[in-house]
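For reference, final_33.cif is printed below; it contains mmCIF, C-alpha atoms.
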data_query
loop_
_atom_site.label_atom_id
_atom_site.label_comp_id
_atom_site.auth_asym_id
_atom_site.auth_seq_id
_atom_site.Cartn_x
_atom_site.Cartn_y
_atom_site.Cartn_z
CA MET A 1 -4.26 -20.27 4.87
CA ARG A 2 -2.41 -17.14 3.78
CA PHE A 3 -1.17 -16.10 0.35
CA ILE A 4 2.10 -14.38 -0.60
CA PHE A 5 2.11 -12.26 -3.75
CA PHE A 6 4.43 -9.81 -5.48
CA PHE A 7 3.25 -6.55 -7.06
CA PHE A 8 3.61 -6.56 -10.85
CA GLY A 9 1.62 -6.50 -14.08
CA LEU A 10 -1.59 -4.87 -15.18
CA LEU A 11 -4.66 -6.27 -13.47
CA LEU A 12 -2.64 -9.34 -12.59
CA LEU A 13 -4.73 -12.38 -11.80
CA LEU A 14 -3.20 -15.06 -9.63
CA SER A 15 -4.56 -18.18 -8.02
CA GLY A 16 -2.85 -18.94 -4.73
CA CYS A 17 -2.94 -21.55 -2.03
CA GLY A 18 -6.29 -22.10 -0.41
CA GLY A 19 -8.06 -20.98 -3.58
CA HIS A 20 -7.37 -17.25 -3.09
CA THR A 21 -7.71 -15.12 -6.22
CA THR A 22 -5.69 -11.91 -6.12
CA ARG A 23 -5.98 -8.92 -8.44
CA VAL A 24 -3.34 -6.22 -8.17
CA ILE A 25 -4.90 -2.95 -9.34
CA ASP A 26 -2.18 -1.52 -11.56
CA SER A 27 -4.26 0.57 -13.93
CA PRO A 28 -3.22 3.85 -15.62
CA GLU A 29 -4.63 5.62 -12.55
CA THR A 30 -2.41 3.72 -10.10
CA ARG A 31 0.80 3.10 -12.05
CA GLU A 32 2.51 6.12 -10.51
CA LEU A 33 2.04 4.82 -6.98
CA LYS A 34 4.80 2.88 -5.31
CA GLY A 35 4.24 -0.86 -5.28
CA TRP A 36 3.09 -1.08 -1.67
CA GLN A 37 0.67 1.82 -2.19
CA LYS A 38 -1.28 0.10 -4.94
CA PRO A 39 -4.79 -1.09 -4.08
CA TYR A 40 -5.53 -4.76 -4.60
CA GLU A 41 -8.33 -7.29 -4.30
CA VAL A 42 -8.31 -10.75 -2.76
CA ASP A 43 -11.31 -12.98 -3.43
CA GLY A 44 -13.23 -9.90 -4.56
CA LYS A 45 -12.50 -7.83 -1.44
CA ARG A 46 -10.61 -4.58 -2.02
CA TYR A 47 -7.73 -3.44 0.19
CA GLN A 48 -6.27 0.07 0.13
CA PRO A 49 -2.75 0.24 1.64
CA LEU A 50 -2.24 3.05 4.10
CA ARG A 51 -0.04 5.98 3.10
CA ASP A 52 0.65 7.03 6.68
CA HIS A 53 0.82 4.69 9.66
CA GLN A 54 1.32 7.33 12.36
CA GLY A 55 -0.70 6.44 15.45
CA PHE A 56 -1.83 3.11 13.97
CA GLN A 57 -3.06 0.56 16.52
CA GLN A 58 -5.17 -2.53 15.98
CA SER A 59 -6.45 -5.45 18.02
CA GLY A 60 -7.43 -8.83 16.66
CA VAL A 61 -6.17 -12.32 15.94
CA ALA A 62 -2.58 -13.15 14.93
CA SER A 63 -1.50 -16.27 13.09
CA TRP A 64 1.82 -17.49 11.68
CA TYR A 65 3.32 -19.08 8.58
CA GLY A 66 6.45 -21.10 8.14
CA LYS A 67 8.13 -23.87 6.16
CA LYS A 68 5.69 -23.98 3.23
CA PHE A 69 6.53 -20.38 2.31
CA HIS A 70 10.19 -20.36 3.36
CA GLY A 71 12.32 -19.13 0.44
CA ARG A 72 9.45 -17.62 -1.55
CA LYS A 73 9.22 -13.95 -2.41
CA THR A 74 7.23 -11.61 -0.19
CA SER A 75 5.23 -8.62 -1.37
CA ASN A 76 8.19 -6.23 -1.23
CA GLY A 77 10.40 -8.61 -3.23
CA GLU A 78 12.40 -9.98 -0.31
CA VAL A 79 12.79 -13.71 0.20
CA TYR A 80 10.72 -14.94 3.11
CA ASP A 81 12.85 -16.25 5.98
CA MET A 82 10.78 -18.12 8.55
CA TYR A 83 13.58 -17.51 11.09
CA GLY A 84 13.54 -13.73 10.65
CA MET A 85 11.44 -11.30 12.69
CA THR A 86 8.96 -10.30 10.01
CA ALA A 87 5.23 -10.33 9.43
CA ALA A 88 2.46 -9.79 6.91
CA HIS A 89 -0.27 -7.14 7.19
CA LYS A 90 -3.00 -6.24 4.74
CA THR A 91 -2.61 -2.45 4.68
CA LEU A 92 0.35 -1.13 6.70
CA PRO A 93 3.23 0.36 4.66
CA LEU A 94 5.86 -2.24 3.90
CA GLY A 95 9.08 -1.75 5.86
CA VAL A 96 7.37 -0.42 8.97
CA SER A 97 8.16 -2.06 12.31
CA VAL A 98 5.31 -2.88 14.66
CA ARG A 99 5.12 -4.02 18.27
CA VAL A 100 2.93 -7.09 18.71
CA THR A 101 1.64 -7.88 22.21
CA HIS A 102 0.02 -11.19 23.14
CA ARG A 103 -3.02 -10.16 25.15
CA GLN A 104 -3.16 -13.41 27.12
CA ASN A 105 0.44 -14.03 28.18
CA GLY A 106 1.69 -10.43 28.05
CA ARG A 107 4.68 -11.18 25.79
CA SER A 108 5.71 -8.48 23.31
CA ILE A 109 7.90 -8.56 20.19
CA VAL A 110 8.85 -6.20 17.35
CA VAL A 111 8.56 -7.33 13.72
CA ARG A 112 9.02 -5.65 10.35
CA ILE A 113 6.17 -5.75 7.83
CA ASN A 114 7.41 -7.09 4.49
CA ASP A 115 4.41 -9.00 3.16
CA ARG A 116 0.64 -8.82 2.60
CA GLY A 117 -1.89 -10.98 4.41
CA PRO A 118 -3.41 -12.82 6.18
CA PHE A 119 -6.58 -13.31 4.15
CA VAL A 120 -8.40 -15.70 6.45
CA GLY A 121 -11.35 -14.68 8.59
CA THR A 122 -10.68 -11.76 10.92
CA ARG A 123 -6.94 -12.30 11.37
CA ILE A 124 -5.00 -9.04 11.35
CA ILE A 125 -1.34 -10.12 11.17
CA ASP A 126 0.62 -13.18 10.02
CA LEU A 127 3.89 -13.67 11.91
CA SER A 128 7.01 -15.51 10.83
CA TYR A 129 7.74 -18.77 12.62
CA ALA A 130 10.49 -17.14 14.73
CA ALA A 131 8.22 -14.27 15.76
CA ALA A 132 5.37 -16.63 16.63
CA ARG A 133 7.73 -18.78 18.70
CA LYS A 134 8.91 -15.80 20.73
CA LEU A 135 5.36 -14.61 21.23
CA GLY A 136 4.22 -18.07 22.34
CA LEU A 137 1.56 -18.92 19.78
CA VAL A 138 3.14 -21.61 17.59
CA GLU A 139 1.33 -24.52 19.25
CA ALA A 140 -2.05 -22.78 19.39
CA GLY A 141 -1.70 -21.43 15.86
CA THR A 142 -3.51 -18.18 16.65
CA ALA A 143 -3.76 -15.75 19.53
CA PRO A 144 -5.41 -12.42 20.41
CA VAL A 145 -2.94 -9.56 19.99
CA THR A 146 -2.60 -5.80 19.85
CA ILE A 147 -0.29 -4.24 17.29
CA GLN A 148 1.20 -0.75 17.31
CA ALA A 149 3.13 0.86 14.44
CA LEU A 150 6.54 2.15 15.57
CA GLY A 151 8.16 3.51 12.40
CA TYR A 152 11.17 2.56 10.30
CA GLN A 153 13.91 0.87 12.29
CA GLU A 154 17.36 2.45 12.33
CA THR A 155 20.53 1.57 14.26
CA SER A 156 22.74 4.39 15.53
CA ARG A 157 25.81 3.75 17.69
CA GLY A 158 24.51 0.32 18.54
CA GLN A 159 21.11 1.63 19.63
CA ILE A 160 17.91 0.65 17.82
CA ARG A 161 15.61 3.55 17.13
CA TYR A 162 12.48 4.04 15.10
CA ARG A 163 12.33 6.90 12.65
CA ALA A 164 9.08 8.80 12.68
CA PRO A 165 6.71 7.84 9.86
CA VAL A 166 6.91 9.81 6.64
CA ASN A 167 4.08 12.32 6.33
CA TYR A 168 2.62 11.53 2.95
CA ASP A 169 0.39 14.60 3.12
CA SER A 170 3.40 16.77 2.32
CA GLY A 171 4.64 16.94 -1.26
CA SER A 172 3.71 18.25 -4.68
CA PHE A 173 0.51 16.97 -6.26
CA ALA A 174 -1.74 17.67 -9.24
CA VAL A 175 -5.20 16.52 -10.26
CA GLN A 176 -5.61 14.56 -13.48
CA VAL A 177 -8.93 15.62 -14.94
CA GLY A 178 -8.85 13.72 -18.20
CA ALA A 179 -6.96 11.37 -20.51
CA PHE A 180 -7.36 11.58 -24.28
CA GLY A 181 -6.29 9.62 -27.32
CA VAL A 182 -6.40 12.79 -29.44
CA SER A 183 -3.81 15.41 -28.52
CA ASP A 184 -5.88 18.41 -29.66
CA ASN A 185 -8.61 17.59 -27.15
CA ALA A 186 -6.11 17.39 -24.32
CA TYR A 187 -4.37 20.68 -25.17
CA ARG A 188 -7.68 22.53 -25.52
CA LEU A 189 -8.75 21.37 -22.07
CA ALA A 190 -5.35 22.21 -20.60
CA ALA A 191 -5.56 25.74 -21.98
CA ARG A 192 -8.95 26.29 -20.37
CA MET A 193 -7.75 24.85 -17.07
CA LYS A 194 -4.59 26.95 -17.07
CA GLU A 195 -6.61 30.13 -17.63
CA ARG A 196 -8.91 29.25 -14.75
CA TYR A 197 -6.58 27.60 -12.22
CA GLY A 198 -3.17 29.07 -13.07
CA LYS A 199 -1.38 25.82 -13.86
CA ALA A 200 -2.22 22.95 -16.18
CA GLU A 201 -0.14 20.73 -18.41
CA VAL A 202 -0.37 17.76 -20.73
CA GLN A 203 1.74 14.67 -20.13
CA THR A 204 1.98 11.78 -22.55
CA ALA A 205 2.26 8.10 -21.80
CA MET A 206 2.07 4.83 -23.72
CA ILE A 207 -0.82 2.77 -22.35
CA ASP A 208 -1.17 -0.73 -23.82
CA GLY A 209 0.60 0.40 -26.99
CA ARG A 210 -1.49 3.53 -27.40
CA ARG A 211 -0.29 7.08 -26.77
CA MET A 212 -2.47 8.90 -24.25
CA TYR A 213 -2.51 12.60 -23.40
CA ARG A 214 -3.24 13.29 -19.74
CA VAL A 215 -4.35 16.69 -18.51
CA ARG A 216 -3.13 17.62 -15.04
CA VAL A 217 -4.21 20.70 -13.14
CA GLY A 218 -2.73 22.65 -10.22
CA ASP A 219 0.24 22.32 -7.91
CA TYR A 220 -0.99 21.34 -4.45
CA ARG A 221 1.46 21.13 -1.53
CA SER A 222 -0.84 18.92 0.52
CA LEU A 223 -2.26 15.53 -0.40
CA GLN A 224 -5.46 16.39 1.46
CA ARG A 225 -5.91 19.62 -0.53
CA ALA A 226 -5.29 17.74 -3.77
CA GLU A 227 -7.83 15.06 -2.84
CA ASN A 228 -10.39 17.74 -1.97
CA ALA A 229 -9.75 19.39 -5.34
CA ALA A 230 -10.13 16.05 -7.15
CA ALA A 231 -13.48 15.53 -5.44
CA ASP A 232 -14.60 18.99 -6.57
CA PHE A 233 -13.53 18.33 -10.16
CA SER A 234 -15.36 14.98 -10.12
CA THR A 235 -18.63 16.58 -9.06
CA ASN A 236 -18.31 19.50 -11.47
CA GLY A 237 -18.03 17.90 -14.85
CA TYR A 238 -14.84 15.83 -14.66
CA PRO A 239 -15.80 12.44 -13.19
CA GLY A 240 -12.93 10.13 -12.42
CA SER A 241 -10.51 12.94 -11.53
CA LEU A 242 -7.60 11.60 -9.50
CA VAL A 243 -4.56 12.82 -7.58
CA VAL A 244 -1.08 12.29 -9.02
CA ALA A 245 2.27 13.14 -7.49
CA PHE A 246 4.93 15.16 -9.28
CA GLU A 247 8.20 13.26 -9.63
#
Please lay out the structure from this file as structure tokens.
Amino acid sequence: MRFIFFFFGLLLLLSGCGGHTTRVIDSPETRELKGWQKPYEVDGKRYQPLRDHQGFQQSGVASWYGKKFHGRKTSNGEVYDMYGMTAAHKTLPLGVSVRVTHRQNGRSIVVRINDRGPFVGTRIIDLSYAAARKLGLVEAGTAPVTIQALGYQETSRGQIRYRAPVNYDSGSFAVQVGAFGVSDNAYRLAARMKERYGKAEVQTAMIDGRRMYRVRVGDYRSLQRAENAAADFSTNGYPGSLVVAFE
């Protein structure tokens, strides 16, 4: 049985149908990520949503969900409509459309990912009732499928097209090398980092009612470069360094 959940709260603990326990990881290190980018755990297993779905393909078992969840909120805040062409996936970016092909009968449909799941066995996608009906798996309950990410659906002059996935490697990123409760400590570290790396700043934030001073270093134009830098910082005296995006 699957479980619908909505991203909110700090280390939110929920108990869902079928006994699933879900923990949304919304710590100070992940608060700046968009909701669908936040890592989460279900029954102790961690899932890291993908930031880029370009070229994504997957084969496995599809299932479906219907009346019991009809009208409830999905992971992106929409209301689940069992008669809509939607689906749940554990890691694909929400809003992405995927082509689902039934490997036994050859039928193919396109659905939009707006929920997380399924969290049962090795199932890879949970289809709405309408999608499952069109694919021909309602009676069986499950079926072997292949899914392929298409992009974000757009309609232009009556024609449906799929916009190419956003490249999340491009942007402006820094590496947070420390967070302090004492401002002097943060500004001293920032001064040293600025002298060595050219750019460093201190940003403040209220975390659980306490003001924290976060030291961020560099201005990286590639997510990969920023992640490489964070790994270097972590192994050279600043464990726990993490990538943050400039707003």
Written as a compact mmCIF listing (two decimals) with C-alpha atoms, in the frame of the given file, which residues does the PyMOL selection byres ((chain A and resi 183) around 10) give for the file shown?
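Okay, result_9.txt is ready:
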# COMPACT_ATOMS: atom_id res chain seq x y z
CA ALA A 179 -6.96 11.37 -20.51
CA PHE A 180 -7.36 11.58 -24.28
CA GLY A 181 -6.29 9.62 -27.32
CA VAL A 182 -6.40 12.79 -29.44
CA ASP A 184 -5.88 18.41 -29.66
CA ASN A 185 -8.61 17.59 -27.15
CA ALA A 186 -6.11 17.39 -24.32
CA TYR A 187 -4.37 20.68 -25.17
CA ARG A 188 -7.68 22.53 -25.52
CA VAL A 202 -0.37 17.76 -20.73
CA THR A 204 1.98 11.78 -22.55
CA ARG A 211 -0.29 7.08 -26.77
CA MET A 212 -2.47 8.90 -24.25
CA TYR A 213 -2.51 12.60 -23.40
CA ARG A 214 -3.24 13.29 -19.74
Exercise for review: Taking the file as shown, find all residues satisfying the PyMOL selection byres ((chain A and resi 151) around 7) and write them as a ChimeraX atom specification.
Suggested key: /A:96-97,149-150,152-153,162-165
Point to revise | Near-Ala140 (chain A) list (12 Å; all atoms listed in the file; drop same-chain fewer than 3 positions) as a PyMOL selection string | key: chain A and resi 61-64+132-133+135-137+143-144
Exercise for review: Name the residues in contact with Ala174 (chain A) at a cut-off of 8 Å, using only C-alpha atoms, excluding same-chain residues fewer than 6 positions from it; report them as a ChimeraX atom specification.
Suggested key: /A:216-220,226,243-246
Report the residues retrieved by the PyMOL selection byres ((chain A and resi 81) around 10) from the displayed file, expressed as a compact mmCIF listing (two decimals) with C-alpha atoms, in the coordinates of the input.
# COMPACT_ATOMS: atom_id res chain seq x y z
CA GLY A 66 6.45 -21.10 8.14
CA LYS A 67 8.13 -23.87 6.16
CA PHE A 69 6.53 -20.38 2.31
CA HIS A 70 10.19 -20.36 3.36
CA GLY A 71 12.32 -19.13 0.44
CA ARG A 72 9.45 -17.62 -1.55
CA LYS A 73 9.22 -13.95 -2.41
CA THR A 74 7.23 -11.61 -0.19
CA GLU A 78 12.40 -9.98 -0.31
CA VAL A 79 12.79 -13.71 0.20
CA TYR A 80 10.72 -14.94 3.11
CA MET A 82 10.78 -18.12 8.55
CA TYR A 83 13.58 -17.51 11.09
CA GLY A 84 13.54 -13.73 10.65
CA MET A 85 11.44 -11.30 12.69
CA THR A 86 8.96 -10.30 10.01
CA SER A 128 7.01 -15.51 10.83
CA TYR A 129 7.74 -18.77 12.62
CA ALA A 130 10.49 -17.14 14.73
**Study point:** Which residue of A:Asn236, A:Lys90, A:Ile147, A:Leu189 approaches Val111 (chain A) most closely, using only C-alpha atoms
**Key:**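 Between A:Asn236, A:Lys90, A:Ile147, A:Leu189, the residue approaching Val111 (chain A) most closely is A:Ile147.
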Review point. What is the CA of Asn114 (chain A)-CA of Leu242 (chain A) distance in Å, reported with one decimal?
Key: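 About the pair CA of Asn114 (chain A) and CA of Leu242 (chain A): they are 27.8 Å apart.
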May I have the residues within 6 Å of Ala87 (chain A) as a PDB file with C-alpha atoms, in the frame of the given file, using all atoms listed in the file and disregarding those fewer than 2 positions away in the same chain?
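Once everything was written out, this is selection_30.pdb:
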ATOM      1  CA  ILE A 113       6.170  -5.750   7.830  1.00  0.00           C
ATOM      2  CA  ASP A 126       0.620 -13.180  10.020  1.00  0.00           C
ATOM      3  CA  LEU A 127       3.890 -13.670  11.910  1.00  0.00           C
ATOM      4  CA  SER A 128       7.010 -15.510  10.830  1.00  0.00           C
TER       5      SER A 128
END
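The interatomic distance for the pair CA of Arg221 (chain A) and CA of Phe173 (chain A) works out to 6.4 Å.
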Exercise for review: Would you please work out which residue, of A:Ala205, A:Val175, A:Ile109, A:Ala190, is nearest to Arg225 (chain A) when using all atoms listed in the file?
Suggested key: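 Under the stated criterion, the closest residue is A:Val175.
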Point to revise | Closest of A:Leu92, A:Ser156, A:Arg112, A:Phe119 to Val42 (chain A) - atom-to-atom distances counting only C-alpha atoms | key: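 Closest residue, counting only C-alpha atoms: A:Phe119.
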Emit as lines of an AutoDock Vina configuration file the padded axis-aligned box for all listed atoms of region 76-84 of chain A, 5 Å per side, with centre and edge lengths in Å to one decimal.
center_x = 10.9
center_y = -12.2
center_z = 3.9
size_x = 15.4
size_y = 21.9
size_z = 24.3
Exercise for review: Please work out which residues fall within 10 Å of (2.4, -0.9, 19.7), coordinates as given in the file, with all atoms listed in the file counting, and return them as a ChimeraX atom specification.
Suggested key: /A:55-58,97-101,108-110,146-150
Check your understanding: Suppose you want the space between CA of Phe233 (chain A) and CA of Ala200 (chain A); what is it in Å?
Key ->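 Calculated distance between CA of Phe233 (chain A) and CA of Ala200 (chain A) is 13.6 Å.
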